[in-house]
file my_file.txt (compact mmCIF, C-alpha atoms)
# COMPACT_ATOMS: atom_id res chain seq x y z
CA MET A 1 -25.16 0.36 -23.82
CA SER A 2 -21.50 -0.04 -22.98
CA ILE A 3 -20.00 -3.43 -22.29
CA SER A 4 -17.14 -3.07 -19.84
CA ARG A 5 -14.14 -5.37 -19.69
CA THR A 6 -14.12 -8.13 -17.11
CA PRO A 7 -12.42 -7.38 -13.78
CA LEU A 8 -9.65 -9.87 -14.64
CA ALA A 9 -8.96 -8.17 -17.99
CA ARG A 10 -8.78 -4.83 -16.20
CA ALA A 11 -6.50 -6.16 -13.47
CA ARG A 12 -4.13 -7.80 -15.99
CA GLY A 13 -4.11 -4.60 -18.08
CA LEU A 14 -1.12 -4.47 -20.43
CA GLY A 15 0.71 -7.20 -18.49
CA SER A 16 3.96 -6.98 -16.61
CA ALA A 17 6.71 -4.66 -17.87
CA LYS A 18 9.25 -7.23 -16.56
CA SER A 19 11.42 -4.34 -15.41
CA GLY A 20 11.75 -1.99 -12.49
CA THR A 21 14.24 -4.00 -10.45
CA ALA A 22 17.20 -2.17 -11.99
CA ASP A 23 15.87 1.24 -10.96
CA PHE A 24 14.92 -0.10 -7.51
CA TRP A 25 18.42 -1.46 -6.96
CA ARG A 26 20.15 1.63 -8.41
CA GLN A 27 18.14 3.83 -6.02
CA ARG A 28 19.36 1.78 -3.02
CA VAL A 29 22.97 1.72 -4.26
CA THR A 30 23.05 5.49 -4.82
CA SER A 31 21.51 6.01 -1.34
CA VAL A 32 24.26 3.99 0.33
CA LEU A 33 27.10 5.43 -1.80
CA GLY A 34 25.63 8.89 -1.28
CA LEU A 35 26.35 8.78 2.47
CA PRO A 36 30.18 8.76 2.32
CA LEU A 37 30.12 10.98 -0.78
CA ILE A 38 27.99 13.69 0.84
CA ALA A 39 30.07 13.42 4.03
CA GLY A 40 33.22 14.04 1.95
CA ALA A 41 31.60 16.92 0.07
CA ILE A 42 30.52 18.58 3.34
CA LEU A 43 34.08 18.12 4.65
CA VAL A 44 35.44 19.91 1.56
CA ILE A 45 32.99 22.80 2.04
CA VAL A 46 33.66 23.10 5.79
CA SER A 47 37.43 22.98 5.30
CA ASN A 48 37.12 25.93 2.92
CA ILE A 49 35.11 28.16 5.26
CA GLY A 50 36.97 31.44 5.54
CA ALA A 51 39.44 30.48 2.82
CA ASP A 52 40.11 33.02 0.07
CA TYR A 53 39.20 32.42 -3.58
CA ARG A 54 42.69 31.31 -4.59
CA SER A 55 43.08 28.63 -1.93
CA ALA A 56 39.50 27.37 -2.45
CA ILE A 57 40.26 26.90 -6.16
CA GLU A 58 43.52 25.18 -5.26
CA CYS A 59 41.61 22.79 -3.02
CA LEU A 60 39.13 21.90 -5.81
CA ARG A 61 42.01 21.34 -8.24
CA ARG A 62 43.39 18.51 -6.13
CA PRO A 63 42.55 15.29 -8.03
CA ALA A 64 41.12 13.51 -4.95
CA VAL A 65 38.75 16.42 -4.23
CA ALA A 66 37.73 16.82 -7.88
CA ILE A 67 37.03 13.08 -8.22
CA LEU A 68 35.02 13.06 -4.98
CA LEU A 69 32.87 15.99 -6.05
CA LEU A 70 32.36 14.63 -9.58
CA LEU A 71 31.26 11.28 -8.17
CA THR A 72 28.93 13.07 -5.75
CA ILE A 73 27.29 14.98 -8.60
CA LEU A 74 26.95 11.84 -10.74
CA ASN A 75 25.62 9.76 -7.83
CA PHE A 76 22.95 12.26 -6.84
CA CYS A 77 21.93 12.98 -10.43
CA VAL A 78 21.11 9.28 -10.86
CA HIS A 79 19.37 9.21 -7.46
CA MET A 80 17.43 12.43 -8.12
CA ARG A 81 16.24 11.28 -11.54
CA ILE A 82 14.82 7.99 -10.25
CA GLY A 83 13.31 9.67 -7.18
CA MET A 84 11.53 12.35 -9.18
CA GLN A 85 10.40 9.76 -11.76
CA ILE A 86 8.76 7.76 -8.96
CA ILE A 87 6.97 10.86 -7.68
CA ILE A 88 5.74 11.74 -11.19
CA GLU A 89 4.52 8.17 -11.80
CA ASP A 90 2.81 8.13 -8.40
CA TYR A 91 0.79 11.31 -8.77
CA ILE A 92 0.46 12.25 -12.47
CA HIS A 93 -2.24 10.17 -14.11
CA ASN A 94 -2.66 12.04 -17.39
CA GLU A 95 -0.51 10.03 -19.85
CA THR A 96 0.55 13.05 -21.93
CA ALA A 97 1.44 15.15 -18.89
CA LYS A 98 3.30 12.19 -17.41
CA ALA A 99 5.37 11.64 -20.58
CA LEU A 100 6.24 15.37 -20.81
CA LEU A 101 7.21 15.56 -17.13
CA LEU A 102 9.38 12.43 -17.40
CA ILE A 103 11.20 13.97 -20.36
CA ALA A 104 11.58 17.26 -18.48
CA ASN A 105 12.92 15.34 -15.48
CA THR A 106 15.59 13.66 -17.59
CA GLY A 107 16.44 16.97 -19.25
CA PHE A 108 16.77 18.80 -15.95
CA VAL A 109 18.99 16.11 -14.42
CA ALA A 110 21.18 15.98 -17.54
CA ALA A 111 21.53 19.79 -17.60
CA ALA A 112 22.25 20.07 -13.87
CA GLY A 113 24.71 17.17 -13.94
CA VAL A 114 26.61 18.37 -17.03
CA ALA A 115 26.75 21.95 -15.72
CA GLY A 116 28.12 20.83 -12.35
CA ALA A 117 30.61 18.42 -13.92
CA LEU A 118 31.77 20.99 -16.49
CA ALA A 119 32.35 23.59 -13.76
CA LEU A 120 34.48 21.13 -11.80
CA VAL A 121 36.44 19.98 -14.86
CA LYS A 122 37.08 23.62 -15.81
CA ILE A 123 38.38 24.41 -12.33
CA ALA A 124 40.50 21.26 -12.24
CA ALA A 125 41.94 21.80 -15.73
CA VAL A 126 42.17 25.58 -16.01
CA GLY A 127 41.93 26.86 -12.44
CA MET B 128 -5.66 6.99 15.62
CA LYS B 129 -8.12 9.83 15.33
CA SER B 130 -8.22 11.89 12.18
CA PHE B 131 -7.37 15.52 12.84
CA LEU B 132 -8.67 16.62 9.45
CA PRO B 133 -12.21 17.93 9.04
CA LEU B 134 -14.62 15.20 7.92
CA ASN B 135 -15.13 16.51 4.37
CA TRP B 136 -11.65 17.91 3.81
CA GLY B 137 -10.72 17.62 0.12
CA LEU B 138 -13.74 15.50 -0.83
CA PRO B 139 -15.48 16.12 -4.18
CA GLY B 140 -19.12 17.32 -4.04
CA GLY B 141 -20.84 13.95 -4.44
CA SER B 142 -18.78 12.35 -1.69
CA ARG B 143 -19.31 15.02 1.00
CA ILE B 144 -20.83 13.48 4.08
CA ALA B 145 -23.86 15.29 5.44
CA ALA B 146 -25.08 15.18 9.02
CA GLY B 147 -27.55 12.30 9.22
CA LYS B 148 -30.36 11.08 11.42
CA VAL B 149 -30.04 10.59 15.15
CA PHE B 150 -31.66 7.41 16.49
CA GLY B 151 -32.61 7.66 20.16
CA THR B 152 -30.90 9.96 22.61
CA ALA B 153 -28.55 9.66 25.50
CA GLU B 154 -31.00 8.61 28.22
CA PRO B 155 -29.64 9.09 31.73
CA GLY B 156 -28.74 6.01 33.76
CA ALA B 157 -28.04 3.59 30.89
CA ARG B 158 -24.43 2.96 29.89
CA LEU B 159 -24.83 4.28 26.36
CA ARG B 160 -22.20 4.39 23.64
CA MET B 161 -22.55 6.66 20.64
CA PHE B 162 -21.94 5.14 17.19
CA GLN B 163 -21.58 7.37 14.14
CA VAL B 164 -21.98 5.29 11.00
CA TYR B 165 -21.44 6.20 7.35
CA ARG B 166 -24.59 5.67 5.30
CA PHE B 167 -24.96 5.68 1.52
CA ASP B 168 -27.97 4.48 -0.43
CA PRO B 169 -27.34 4.07 -4.19
CA ASP B 170 -31.11 4.17 -4.85
CA ASN B 171 -31.39 7.57 -3.22
CA THR B 172 -30.30 10.72 -5.07
CA GLY B 173 -28.82 12.21 -1.92
CA GLY B 174 -25.15 11.84 -1.07
CA PRO B 175 -23.68 10.00 1.91
CA ARG B 176 -24.53 10.93 5.51
CA LEU B 177 -23.33 10.13 8.99
CA ASP B 178 -26.08 8.62 11.16
CA THR B 179 -25.88 8.54 14.94
CA TYR B 180 -27.02 5.59 17.05
CA TYR B 181 -26.98 5.08 20.81
CA VAL B 182 -26.38 1.51 21.99
CA ASN B 183 -26.76 0.35 25.59
CA ARG B 184 -23.38 -1.17 26.39
CA ASP B 185 -24.90 -3.33 29.19
CA ASP B 186 -27.19 -4.99 26.67
CA CYS B 187 -24.64 -5.54 23.87
CA GLY B 188 -21.68 -7.85 23.16
CA PRO B 189 -18.14 -6.54 23.52
CA MET B 190 -17.18 -6.05 19.87
CA VAL B 191 -18.06 -3.34 17.34
CA LEU B 192 -19.75 -6.01 15.19
CA ASP B 193 -22.03 -6.88 18.12
CA ALA B 194 -23.12 -3.24 18.23
CA LEU B 195 -23.69 -3.11 14.44
CA ILE B 196 -25.81 -6.28 14.58
CA LYS B 197 -27.75 -4.84 17.52
CA ILE B 198 -28.35 -1.61 15.60
CA LYS B 199 -29.55 -3.55 12.53
CA ASN B 200 -31.77 -5.87 14.59
CA GLU B 201 -33.27 -3.39 17.01
CA ILE B 202 -32.83 0.19 15.81
CA ASP B 203 -32.43 0.53 12.03
CA PRO B 204 -32.87 -2.55 9.78
CA THR B 205 -31.74 -0.57 6.70
CA LEU B 206 -28.11 -0.48 7.91
CA THR B 207 -26.10 -2.62 5.47
CA PHE B 208 -22.79 -4.35 6.18
CA ARG B 209 -21.05 -7.65 5.45
CA ARG B 210 -20.42 -10.12 8.23
CA SER B 211 -20.24 -13.87 8.60
CA CYS B 212 -18.00 -15.71 11.07
CA ARG B 213 -17.89 -13.06 13.84
CA GLU B 214 -14.49 -14.39 14.99
CA GLY B 215 -11.86 -12.87 12.68
CA ILE B 216 -11.50 -15.70 10.19
CA CYS B 217 -13.73 -14.79 7.22
CA GLY B 218 -12.61 -11.20 6.65
CA SER B 219 -16.11 -9.97 5.73
CA CYS B 220 -16.58 -7.21 8.31
CA ALA B 221 -13.47 -5.18 7.43
CA MET B 222 -14.25 -1.48 7.80
CA SER B 223 -12.68 1.76 8.95
CA ILE B 224 -13.28 1.96 12.71
CA ASP B 225 -12.05 4.96 14.67
CA GLY B 226 -9.73 5.88 11.80
CA ARG B 227 -8.18 2.44 11.34
CA ASN B 228 -9.10 -0.40 9.00
CA TRP B 229 -9.91 -3.42 11.16
CA LEU B 230 -12.39 -6.28 11.50
CA ALA B 231 -15.49 -5.12 13.39
CA CYS B 232 -15.68 -8.56 15.04
CA THR B 233 -12.24 -8.31 16.67
CA GLN B 234 -12.40 -4.63 17.66
CA PRO B 235 -13.53 -4.22 21.28
CA ILE B 236 -15.90 -1.27 21.71
CA ASP B 237 -14.30 -0.37 25.04
CA ASP B 238 -10.88 0.15 23.43
CA ILE B 239 -12.27 3.18 21.59
CA PRO B 240 -12.59 6.43 23.53
CA GLY B 241 -15.60 8.65 22.79
CA ALA B 242 -17.93 8.18 19.83
CA VAL B 243 -17.26 5.12 17.67
CA ARG B 244 -16.95 6.36 14.09
CA ILE B 245 -17.41 3.72 11.40
CA PHE B 246 -16.78 4.19 7.68
CA PRO B 247 -16.46 1.75 4.77
CA LEU B 248 -12.99 0.38 4.03
CA ASN B 249 -10.89 3.28 2.68
CA HIS B 250 -10.57 3.89 -1.04
CA PHE B 251 -12.86 1.16 -2.45
CA PRO B 252 -16.04 2.22 -4.29
CA VAL B 253 -19.00 2.11 -1.91
CA VAL B 254 -21.85 -0.19 -2.95
CA LYS B 255 -24.10 0.61 -0.01
CA ASP B 256 -23.43 1.83 3.55
CA LEU B 257 -20.43 -0.19 4.78
CA VAL B 258 -20.34 -2.58 1.79
CA VAL B 259 -17.55 -1.87 -0.72
CA ASP B 260 -16.86 -3.18 -4.21
CA LEU B 261 -13.88 -5.57 -4.04
CA ASN B 262 -14.15 -6.88 -7.63
CA HIS B 263 -10.92 -5.27 -8.82
CA ALA B 264 -8.90 -6.33 -5.77
CA LEU B 265 -10.20 -9.90 -6.09
CA ALA B 266 -9.35 -9.91 -9.81
CA GLN B 267 -5.83 -8.79 -8.87
CA HIS B 268 -5.71 -11.75 -6.48
CA ARG B 269 -6.72 -14.02 -9.38
CA LEU B 270 -3.96 -12.44 -11.48
CA ILE B 271 -1.18 -13.78 -9.24
CA GLU B 272 -2.60 -17.32 -9.64
CA PRO B 273 -2.79 -18.13 -5.92
CA TRP B 274 -2.55 -21.90 -6.16
CA LEU B 275 0.20 -24.52 -6.23
CA LYS B 276 1.74 -24.75 -9.71
CA THR B 277 3.77 -27.82 -10.64
CA GLU B 278 4.90 -29.68 -13.75
CA THR B 279 6.29 -32.74 -12.03
CA PRO B 280 3.53 -35.39 -12.04
CA ALA B 281 1.70 -35.61 -8.73
CA PRO B 282 3.14 -38.23 -6.38
CA GLU B 283 0.96 -41.10 -5.25
CA LYS B 284 0.30 -39.43 -1.93
CA GLU B 285 0.52 -35.76 -0.95
CA ARG B 286 3.37 -33.45 -2.01
CA LEU B 287 5.76 -33.48 0.91
CA GLN B 288 7.20 -30.45 2.67
CA THR B 289 9.61 -30.45 5.61
CA PRO B 290 8.41 -28.84 8.85
CA GLU B 291 11.19 -26.23 8.34
CA ASP B 292 9.94 -25.36 4.85
CA HIS B 293 6.38 -25.21 6.09
CA ALA B 294 7.44 -22.91 8.93
CA LYS B 295 8.63 -20.40 6.30
CA LEU B 296 4.98 -19.87 5.36
CA ASP B 297 4.06 -18.91 8.92
CA GLY B 298 2.91 -15.31 9.04
CA TYR B 299 2.04 -15.35 5.33
CA TYR B 300 -0.50 -18.12 4.69
CA GLU B 301 -2.90 -16.85 7.37
CA CYS B 302 -4.13 -13.89 5.29
CA ILE B 303 -7.95 -13.88 5.16
CA LEU B 304 -8.20 -11.36 2.28
CA CYS B 305 -10.14 -8.76 4.28
CA PHE B 306 -8.25 -6.02 2.35
CA CYS B 307 -7.79 -3.81 5.44
CA CYS B 308 -4.16 -3.35 4.34
CA THR B 309 -4.91 -2.65 0.68
CA GLY B 310 -7.57 -0.10 1.64
CA GLY B 311 -5.07 1.58 3.99
CA CYS B 312 -2.26 1.87 1.44
CA PRO B 313 -1.68 5.35 -0.08
CA SER B 314 0.11 3.81 -3.06
CA TYR B 315 -3.03 1.79 -3.71
CA TRP B 316 -5.16 4.94 -3.44
CA TRP B 317 -3.17 6.71 -6.16
CA ASN B 318 -2.43 3.74 -8.43
CA GLY B 319 -4.73 0.90 -7.41
CA ASP B 320 -5.67 0.25 -11.03
CA ARG B 321 -2.14 -1.11 -11.67
CA TYR B 322 -0.48 -1.55 -8.25
CA LEU B 323 -1.49 -4.93 -6.81
CA GLY B 324 -1.65 -3.73 -3.20
CA PRO B 325 -0.31 -5.33 0.00
CA ALA B 326 -2.91 -8.10 0.43
CA VAL B 327 -2.35 -9.52 -3.04
CA LEU B 328 1.43 -9.10 -2.84
CA LEU B 329 1.51 -10.90 0.52
CA GLN B 330 -0.41 -13.77 -1.09
CA ALA B 331 1.99 -13.72 -4.04
CA TYR B 332 4.94 -14.03 -1.64
CA ARG B 333 3.26 -16.92 0.15
CA TRP B 334 3.41 -18.86 -3.17
CA LEU B 335 6.91 -17.61 -4.04
CA ILE B 336 8.36 -19.23 -0.92
CA ASP B 337 6.35 -22.45 -0.97
CA SER B 338 8.94 -25.23 -1.36
CA ARG B 339 6.47 -27.37 -3.33
CA ASP B 340 5.81 -24.74 -6.00
CA GLU B 341 7.65 -25.01 -9.34
CA ALA B 342 6.66 -21.67 -10.86
CA THR B 343 8.74 -19.25 -8.76
CA GLY B 344 10.45 -17.63 -11.75
CA GLU B 345 7.19 -17.29 -13.67
CA ARG B 346 5.59 -15.71 -10.59
CA LEU B 347 8.48 -13.23 -10.25
CA ASP B 348 8.17 -12.36 -13.96
CA ARG B 349 4.53 -11.52 -13.43
CA LEU B 350 5.29 -9.24 -10.47
CA GLU B 351 8.37 -7.49 -11.89
CA ASP B 352 6.75 -4.25 -12.92
CA PRO B 353 7.17 -0.58 -11.90
CA PHE B 354 3.48 -0.43 -11.01
CA ARG B 355 2.38 -3.93 -9.97
CA LEU B 356 5.10 -4.29 -7.31
CA PHE B 357 7.45 -1.31 -7.19
CA ARG B 358 4.72 1.24 -6.36
CA CYS B 359 5.22 0.02 -2.79
CA HIS B 360 7.26 2.70 -1.04
CA THR B 361 7.41 0.91 2.32
CA ILE B 362 4.87 3.24 3.94
CA MET B 363 4.00 0.37 6.35
CA ASN B 364 0.32 1.24 6.85
CA CYS B 365 -0.42 -2.32 5.71
CA THR B 366 1.45 -3.91 8.59
CA LYS B 367 -0.09 -1.50 11.11
CA THR B 368 -3.62 -2.16 9.96
CA CYS B 369 -3.50 -5.97 9.59
CA PRO B 370 -6.09 -7.45 11.97
CA LYS B 371 -4.30 -10.81 11.70
CA LYS B 372 -0.99 -9.19 12.74
CA LEU B 373 0.74 -10.26 9.51
CA GLN B 374 3.48 -8.27 7.81
CA PRO B 375 2.60 -7.46 4.18
CA ALA B 376 5.35 -4.81 4.06
CA LYS B 377 7.95 -7.44 4.92
CA ALA B 378 6.56 -9.84 2.30
CA ILE B 379 6.83 -7.12 -0.35
CA ALA B 380 10.39 -6.21 0.73
CA MET B 381 11.37 -9.90 0.51
CA THR B 382 9.83 -10.13 -2.97
CA LYS B 383 11.90 -7.15 -4.10
CA ALA B 384 14.98 -8.83 -2.61
CA MET B 385 14.22 -12.00 -4.62
CA LEU B 386 14.05 -9.93 -7.81
CA VAL B 387 17.39 -8.26 -7.02
CA GLU B 388 18.90 -11.67 -6.19
CA ARG B 389 18.11 -13.11 -9.61
CA GLN B 390 19.75 -10.12 -11.30
CA HIS B 391 23.14 -10.57 -9.66

call {"tool": "encode", "arguments": {"input": "my_file.txt", "output": "structure tokens"}}
result
Amino acid sequence: MSISRTPLARARGLGSAKSGTADFWRQRVTSVLGLPLIAGAILVIVSNIGADYRSAIECLRRPAVAILLLLTILNFCVHMRIGMQIIIEDYIHNETAKALLLIANTGFVAAAGVAGALALVKIAAVG
Amino acid sequence: MKSFLPLNWGLPGGSRIAAGKVFGTAEPGARLRMFQVYRFDPDNTGGPRLDTYYVNRDDCGPMVLDALIKIKNEIDPTLTFRRSCREGICGSCAMSIDGRNWLACTQPIDDIPGAVRIFPLNHFPVVKDLVVDLNHALAQHRLIEPWLKTETPAPEKERLQTPEDHAKLDGYYECILCFCCTGGCPSYWWNGDRYLGPAVLLQAYRWLIDSRDEATGERLDRLEDPFRLFRCHTIMNCTKTCPKKLQPAKAIAMTKAMLVERQH
């Protein structure tokens, strides 16, 4: 015969993590900051339509453009990581699979962010 | 809101709903309404089924609960459901009616076109027919300690509150814990073991903003959790499906705002 825990013990579980607000707030901040950043990034892309390779590189080398695009990458990497983490926590209920996917999520965001940033820095510094 | 999905779409074997019995037929002349009601008997090895009843609308009260009581009294006494006050104040007869969680006692039959389809409240384990197991949800309600908490010794008379401070509770204290909202919340479906759900979080907010309460910080500590509170993704089903016209989604958003406020 199995004796199950009381409903209150089950509801209380492991208690409150006393965290989550930081991620919630960061997600809102990166949403709001993302609007002007993505608008600027689209402007850069549109202004380079039809431009040749040389002048496109010249455009990306301008400090204002490089900073804008770097900030855009950083902003959306943070936003993407939290967003995907929420989706994983929502739908993956196997603890091992959840842990592995959360690690993979961090790894993917780090790789994508560093690759994008490195490409921009290389263009800005070397051309 | 009719469901456009087939009845058994995505359901595991034991939960598939079979066609059930038909009680009486559509006799000509009488103003008959068809009711299709989910039936499940835990003592029977068979799975759930959908029984069909015909109720003479001229000989029945206006609400869905009136029809259910008429069915139980006159057609099929085995039909099991909870009900008590029959005027939207006890929260017992919450069920899924025509695709929406609502109180059977405040849902007019005539507002529903076609057959009236009635299922137990979404998500909760079914005990029998339209009766669901609310033990976990009620334990979650107990978890938030829904009572006035103070350290200051009680005054000689009652603890005073200005009319303005009391008005802040309007729209939050009226919750009758029918759990229509919690049963309608997808976040609760996926993570109801840890997510507290809209009904409990609305109650929690009601105590967070009570000017007489001295445990606001302690209450926020208890809620600040990626699962208990932050599983809410502002889907808003809760507010749509509240038969008391309250706004659980707003209460949860305000709770999140309080947590952000104390960080900055």

call {"tool": "interface_residues", "arguments": {"input": "my_file.txt", "of": "chain B", "to": "chain A", "cutoff": "8 Å", "atoms": "only C-alpha atoms", "output": "NGL selection string"}}
result
:B and (262-263 or 266-267 or 269-270 or 314 or 317-318 or 320-321 or 348-353 or 355 or 357-358 or 383 or 386-387)

call {"tool": "residues_around", "arguments": {"input": "my_file.txt", "residues": "Asp297 in chain B", "least_positions_apart": "4", "cutoff": "12 Å", "atoms": "all atoms listed in the file", "output": "list in words"}}
result
Pro290, Glu291, Asp292, His293, Glu301, Cys302, Leu329, Tyr332, Arg333, Ile336, Asp337, Lys371, Lys372, Leu373, Gln374 and Ala378 of chain B

call {"tool": "atom_distance", "arguments": {"input": "my_file.txt", "atom1": "CA of Tyr180 in chain B", "atom2": "CA of Leu132 in chain B"}}
result
22.7 Å

call {"tool": "atom_distance", "arguments": {"input": "my_file.txt", "atom1": "CA of Val78 in chain A", "atom2": "CA of Pro36 in chain A"}}
result
16.0 Å

call {"tool": "atom_distance", "arguments": {"input": "my_file.txt", "atom1": "CA of Thr277 in chain B", "atom2": "CA of Glu388 in chain B"}}
result
22.6 Å

call {"tool": "residues_around", "arguments": {"input": "my_file.txt", "residues": "Glu214 in chain B", "least_positions_apart": "3", "cutoff": "10 Å", "atoms": "only C-alpha atoms", "output": "list in words"}}
result
Leu192, Arg210, Ser211, Cys217, Gly218, Leu230, Ala231, Cys232 and Thr233 of chain B

call {"tool": "closest_residue", "arguments": {"input": "my_file.txt", "among": "A:Ser2, A:Thr96, A:Ser47, A:Gln27", "to": "Ile82 in chain A", "atoms": "only C-alpha atoms"}}
result
A:Gln27

call {"tool": "axis_aligned_box", "arguments": {"input": "my_file.txt", "around": "range 20-38 of chain A", "padding_each_side": "3 Å", "output": "lines of an AutoDock Vina configuration file"}}
result
center_x = 21.0
center_y = 4.8
center_z = -5.0
size_x = 24.4
size_y = 23.7
size_z = 21.0

call {"tool": "closest_residue", "arguments": {"input": "my_file.txt", "among": "A:Ile49, A:Ala99, A:Val126, A:Val121", "to": "Ile67 in chain A", "atoms": "all atoms listed in the file"}}
result
A:Val121

call {"tool": "closest_residue", "arguments": {"input": "my_file.txt", "among": "B:Leu265, B:Leu159, B:Val253, B:Leu335", "to": "Gly174 in chain B", "atoms": "all atoms listed in the file"}}
result
B:Val253

call {"tool": "build_atoms", "arguments": {"input": "my_file.txt", "residues": "range 104-127 of chain A", "atoms": "N, CA and C atoms", "output": "mmCIF file, keeping the file's coordinate frame"}}
result
data_model
loop_
_atom_site.group_PDB
_atom_site.id
_atom_site.type_symbol
_atom_site.label_atom_id
_atom_site.label_comp_id
_atom_site.auth_asym_id
_atom_site.auth_seq_id
_atom_site.Cartn_x
_atom_site.Cartn_y
_atom_site.Cartn_z
ATOM 1 N N ALA A 104 11.044 16.067 -19.138
ATOM 2 C CA ALA A 104 11.580 17.260 -18.480
ATOM 3 C C ALA A 104 12.503 16.870 -17.325
ATOM 4 N N ASN A 105 12.110 15.823 -16.603
ATOM 5 C CA ASN A 105 12.920 15.340 -15.480
ATOM 6 C C ASN A 105 14.299 14.904 -15.969
ATOM 7 N N THR A 106 14.316 14.102 -17.026
ATOM 8 C CA THR A 106 15.590 13.660 -17.590
ATOM 9 C C THR A 106 16.409 14.851 -18.070
ATOM 10 N N GLY A 107 15.756 15.782 -18.748
ATOM 11 C CA GLY A 107 16.440 16.970 -19.250
ATOM 12 C C GLY A 107 17.043 17.793 -18.130
ATOM 13 N N PHE A 108 16.280 17.986 -17.057
ATOM 14 C CA PHE A 108 16.770 18.800 -15.950
ATOM 15 C C PHE A 108 17.981 18.139 -15.296
ATOM 16 N N VAL A 109 17.878 16.818 -15.062
ATOM 17 C CA VAL A 109 18.990 16.110 -14.420
ATOM 18 C C VAL A 109 20.224 16.159 -15.302
ATOM 19 N N ALA A 110 20.043 15.952 -16.621
ATOM 20 C CA ALA A 110 21.180 15.980 -17.540
ATOM 21 C C ALA A 110 21.825 17.367 -17.522
ATOM 22 N N ALA A 111 21.002 18.422 -17.583
ATOM 23 C CA ALA A 111 21.530 19.790 -17.600
ATOM 24 C C ALA A 111 22.262 20.105 -16.296
ATOM 25 N N ALA A 112 21.632 19.776 -15.165
ATOM 26 C CA ALA A 112 22.250 20.070 -13.870
ATOM 27 C C ALA A 112 23.553 19.294 -13.705
ATOM 28 N N GLY A 113 23.530 18.020 -14.090
ATOM 29 C CA GLY A 113 24.710 17.170 -13.940
ATOM 30 C C GLY A 113 25.861 17.649 -14.817
ATOM 31 N N VAL A 114 25.550 17.940 -16.098
ATOM 32 C CA VAL A 114 26.610 18.370 -17.030
ATOM 33 C C VAL A 114 27.155 19.727 -16.592
ATOM 34 N N ALA A 115 26.292 20.626 -16.153
ATOM 35 C CA ALA A 115 26.750 21.950 -15.720
ATOM 36 C C ALA A 115 27.691 21.827 -14.518
ATOM 37 N N GLY A 116 27.286 21.018 -13.545
ATOM 38 C CA GLY A 116 28.120 20.830 -12.350
ATOM 39 C C GLY A 116 29.455 20.190 -12.704
ATOM 40 N N ALA A 117 29.387 19.145 -13.550
ATOM 41 C CA ALA A 117 30.610 18.420 -13.920
ATOM 42 C C ALA A 117 31.539 19.327 -14.719
ATOM 43 N N LEU A 118 30.949 20.099 -15.654
ATOM 44 C CA LEU A 118 31.770 20.990 -16.490
ATOM 45 C C LEU A 118 32.470 22.042 -15.624
ATOM 46 N N ALA A 119 31.752 22.584 -14.648
ATOM 47 C CA ALA A 119 32.350 23.590 -13.760
ATOM 48 C C ALA A 119 33.557 22.988 -13.027
ATOM 49 N N LEU A 120 33.383 21.765 -12.524
ATOM 50 C CA LEU A 120 34.480 21.130 -11.800
ATOM 51 C C LEU A 120 35.665 20.833 -12.709
ATOM 52 N N VAL A 121 35.368 20.313 -13.905
ATOM 53 C CA VAL A 121 36.440 19.980 -14.860
ATOM 54 C C VAL A 121 37.197 21.252 -15.238
ATOM 55 N N LYS A 122 36.449 22.343 -15.436
ATOM 56 C CA LYS A 122 37.080 23.620 -15.810
ATOM 57 C C LYS A 122 38.021 24.089 -14.704
ATOM 58 N N ILE A 123 37.544 23.992 -13.463
ATOM 59 C CA ILE A 123 38.380 24.410 -12.330
ATOM 60 C C ILE A 123 39.612 23.523 -12.250
ATOM 61 N N ALA A 124 39.387 22.195 -12.383
ATOM 62 C CA ALA A 124 40.500 21.260 -12.240
ATOM 63 C C ALA A 124 41.517 21.454 -13.369
ATOM 64 N N ALA A 125 41.044 21.728 -14.584
ATOM 65 C CA ALA A 125 41.940 21.800 -15.730
ATOM 66 C C ALA A 125 42.538 23.189 -15.915
ATOM 67 N N VAL A 126 41.717 24.212 -15.717
ATOM 68 C CA VAL A 126 42.170 25.580 -16.010
ATOM 69 C C VAL A 126 42.497 26.355 -14.727
ATOM 70 N N GLY A 127 41.691 26.139 -13.686
ATOM 71 C CA GLY A 127 41.930 26.860 -12.440
ATOM 72 C C GLY A 127 40.973 28.019 -12.260
#
